[in-house]
Amino acid sequence: MENSAKENAQLFSKTIILPIDRSSSKSESSASKEKQTCCGGIKIFLGALSFVYFAKALSGSYLKSTITQIERRFDIPSSLVGVIDGSFEIGNLLIIILVSYFGAKLHRPKIIGVGCLIMSAGTFLIAMPQFFMGRYRYEIFSSSTNSTVSISPCLQDKSQIPLSVLERSQAKINAGCEKEVGSSMWIYVLLGNLLRGIGETPIQPLGITYIDDYTSEESAAFYIGCVQTVAIIGPIFGFLLGSLCAKLYVDIGFVDLDNITITHNDARWVGAWWLGYLIAGVLSVLAAIPFWFLPKHLPRPESRKDSSTSSEQSKFIIEDNKEHHRSYEQQVKILEMAKDFLPSVKNLFGNPVYFLYLCASIIQFNSLIGMVTYKPKYIEQQYGQSSSKTNFVIGLINIPAVAFGIFSGGLIMKKFRINVLGAARLSLGSSFFGYLLLLSLFAMGCENSDVAGLTVSYEGTKQVSSYEQTLFSECNSGCICSKSEWDPICGENGITYVSACLAGCKTSNGSGKTTVFYNCSCLGITASPSRSSSAVMGACQKGKECPKMFLYFLVISVITSYTLSIGGTPGYILLLRCIKPQLKSFALGIYTLAIRVLAGVPAPVYFGVSIDTTCLKWGSKRCGGRGACRLYDSNAFRYIYLGLTMVLGTMSIFLSIAVLFVLKKRYVPQDENIIANGGRGMVSVQTRKDNFVNSDYLIQTTYWPEKETRL
């Protein structure tokens with residue numbers, strides 16, 4: 001006990017001054033004090049880091065839950081929303097190398113604190129446009145907001161045209177109309193998400209290494225597991241927060257909600273998307289506070305003093321009494337690192353197992369990130385669900401399934417002591433059965449809603465057309481209607497009409513959501529003679545089979561999420577065991593960088609571009625520009641969304657098969673030699689076992705926002 005106290009005092013004399021005396025009572029007192037300081041400090045850091053992981057996971061998942069809200073609020077296409085989503089990864093990449101290298105030389109807790117403040121600033125910046133854009137305006141028939149003015153929906157005379165329509169027509173002529181206030185406010189959302197990515201960068205590498213440096217090897221794996229568990233909980237609350245905010249109208253507190261004519265299921269509905277970002281920003285500020293009071297160093301535990309795995313800072317930080325050697329030694333180290341860099345890269349990419357697994361992971365994460373990003377949108381458009389219900393379902397059902405799958409994968413690896421070959425098989429099997437289950441979702445979609453002029457003709461025959469001219473028919477030829485607006489009404493015949501004017505409605509009664517339209521000439525074509533030609537505000541509901549299909553979709557989606565997640569941990573084990581031990585950190589860095597650059601950034605963009613091609617009816621901005629999509633071709637959306645996911649997944653499976661083939665060819669004979677060589681084999685087996693233990697926490701350190709939302 002006395003010797004350990006002396007060693008600790010010598011090693012950490014910079015941060016902790018302990019009275020060393022020959023008497024055993026003083027030594028025991030010093031050791032006890034040091035142990036309490038170490039345990040107390042690391043537990044405080046663990047609690048603070050867990051809260052930071054929770055905060056950043058919550059804000060990241062909340063962004064996913066507001067994709068459709070942002071698209072509608074700023075009247076932008078899905079492809080542009082994909083760019084906004086990918087800006088987080090770009091921000092992270094801008095400084096990840098600088099933070100990872102120089103962060104270890106500086107005050108790590110304070111750098112994490114600065115990162116939290118930057119992250120909160122970015123989160124607040126995302127919400128700011130709401131307070132500068134003015135009130136949200138959507139396409140609407142003028143008389144539906146004012147019961148005292150009776151205007152015929154079917155405008156047969158220019159003198160009947162509301163002033164707002166004339167003003168809009170005049171505004172379209174103005175060349176500078178597209179530059180109205182709010183037309184480019186989405187840039188602030190992009191910059192805010194970019195800042196979020198920059199602020200998040202130091203949290204993972206510096207936080208994990210700080211825990212690893214000042215805890216025992218056994219405790220490090222447990223502590224980091226605790227942190228990652230909290231990170232899994234964050235997205236659950238993020239999507240539930242998204243569900244709550246989506247129920248509230250975007251301008252709640254600023255407008256009279258009785259005058260709002262749209263409901264939660266309407267394609268024009270925008271919830272209070274900005275409110276969640278304010279809450280997430282406050283959480284990030286609170287998470288930063290503890291790190292300003294934590295020390296730069298903590299006492300190292302007994303078991304780590306003579307360990308070959310020295311602390312990260314001890315590799316970079318030179319003691320004060322060697323200050324005059326600092327510059328020279330750093331120059332020598334930089335030269336040595338420069339000489340070893342290219343050979344290390346060559347060694348890494350010359351390893352066929354690592355290279356093939358890297359390619360398989362890049363393609364698979366393209367598939368998963370694209371699927372996760374647009375999953376809320378897919379559920380809303382395919383099954384006619386509101387944003388609020390969609391986010392609630394994802395947060396309460398899908399994400400827990402992902403968490404349980406990751407846990408199950410680690411448990412299977414530990415219980416059955418699966419080797420590297422078994423890990424490759426388990427990872428491959430997980431992907432194969434996961435994508436096989438995903439294939440069944442092609443049969444679980446809903447048919448297109450009947451929309452006159454778009455998915456059905458005015459006579460009721462099935463058709464799919466995105467040409468605006470098909471919106472006009474003989475039944476509405478006597479009306480002066482706009483073909484660019486989207487203000488749907490539901491006829492008694494079960495067909496949705498783009499507007500009351502295009503339905504040929506002559507009169508209306510009531511106001512707001514209770515507006516009823518009468519004498520609609522286009523309804524008389526398909527309606528039975530006994531029915532009146534009337535319609536109500538809002539689009540008609542999806543078919544009767546759709547709720548049942550949605551239930552089937554949820555069941556298969558949960559099972560698929562669980563199955564795909566099982567392969568996560570075995571995949572990391574394979575990654576870490578297929579390379580030389582001294583290249584582990586470098587290999588993980590290259591792996592994370594490749595996933596971010598080649599999957600995290602491009603996947604949301606090209607998925608969004610592909611989804612935009614399925615749009616049948618685009619909304620219009622106030623000045624006549626193209627806004628967000630109001631109606632998609634459900635069948636085309638399903639085939640493109642699931643098809644793109646399946647094609648990428650299948651490619652990754654073929655590459656995983658190649659990984660397994662090469663692994664069998666290269667590594668099985670080596671394992672047999674190990675067993676045959678007796679004592680020397682025992683040493684090798686023990687070395688591999690040690691690598692496995694050490695890799696338990698290395699696996700957890702590779703982290704990105706999509707990991708816990710792999711749905």
# chains A, B, ... in the order shown; residues from 1 in each chain; ligands from 1
>>> select_by_dssp(residues="range 423-610 of chain A", states="helix (DSSP H, G or I)", output="ChimeraX atom specification")
/A:423-443,468-471,474-476,512-514,523-526,546-566,568-577,581-600,602-610
>>> residues_around(residues="Ile96 in chain A", least_positions_apart="6", cutoff="10 Å", atoms="only C-alpha atoms", output="list in words")
Gly103, Gly197, Ile198, Glu200, Thr201, Pro202, Pro205, Gly589 and Leu593 of chain A
>>> closest_residue(among="A:Asn509, A:Ile573, A:Gly445, A:Phe254", to="Gly410 in chain A", atoms="only C-alpha atoms")
A:Ile573
>>> atom_distance(atom1="CA of Thr123 in chain A", atom2="CA of Cys245 in chain A")
15.7 Å
>>> closest_residue(among="A:Phe607, A:Leu655, A:Gln469, A:Gln382", to="Lys542 in chain A", atoms="only C-alpha atoms")
A:Gln382
>>> residues_around(residues="range 67-76 of chain A", least_positions_apart="6", cutoff="6 Å", atoms="only C-alpha atoms", output="list in words")
Val270, Gly627 and Ala628 of chain A
>>> atom_distance(atom1="CA of Ser533 in chain A", atom2="CA of Glu492 in chain A")
7.1 Å
>>> closest_residue(among="A:Gly643, A:Leu98, A:Met651, A:Trp274", to="Met128 in chain A", atoms="only C-alpha atoms")
A:Trp274
>>> closest_residue(among="A:Ile418, A:Leu648, A:Ala443, A:Ile394", to="Val372 in chain A", atoms="only C-alpha atoms")
A:Ile394
>>> residues_around(residues="Ile208 in chain A", least_positions_apart="3", cutoff="7 Å", atoms="only C-alpha atoms", output="NGL selection string")
:A and (204-205 or 211-212 or 224 or 701)
>>> closest_residue(among="A:Gly491, A:Gly608, A:Pro570, A:Gly86", to="Ile406 in chain A", atoms="only C-alpha atoms")
A:Pro570
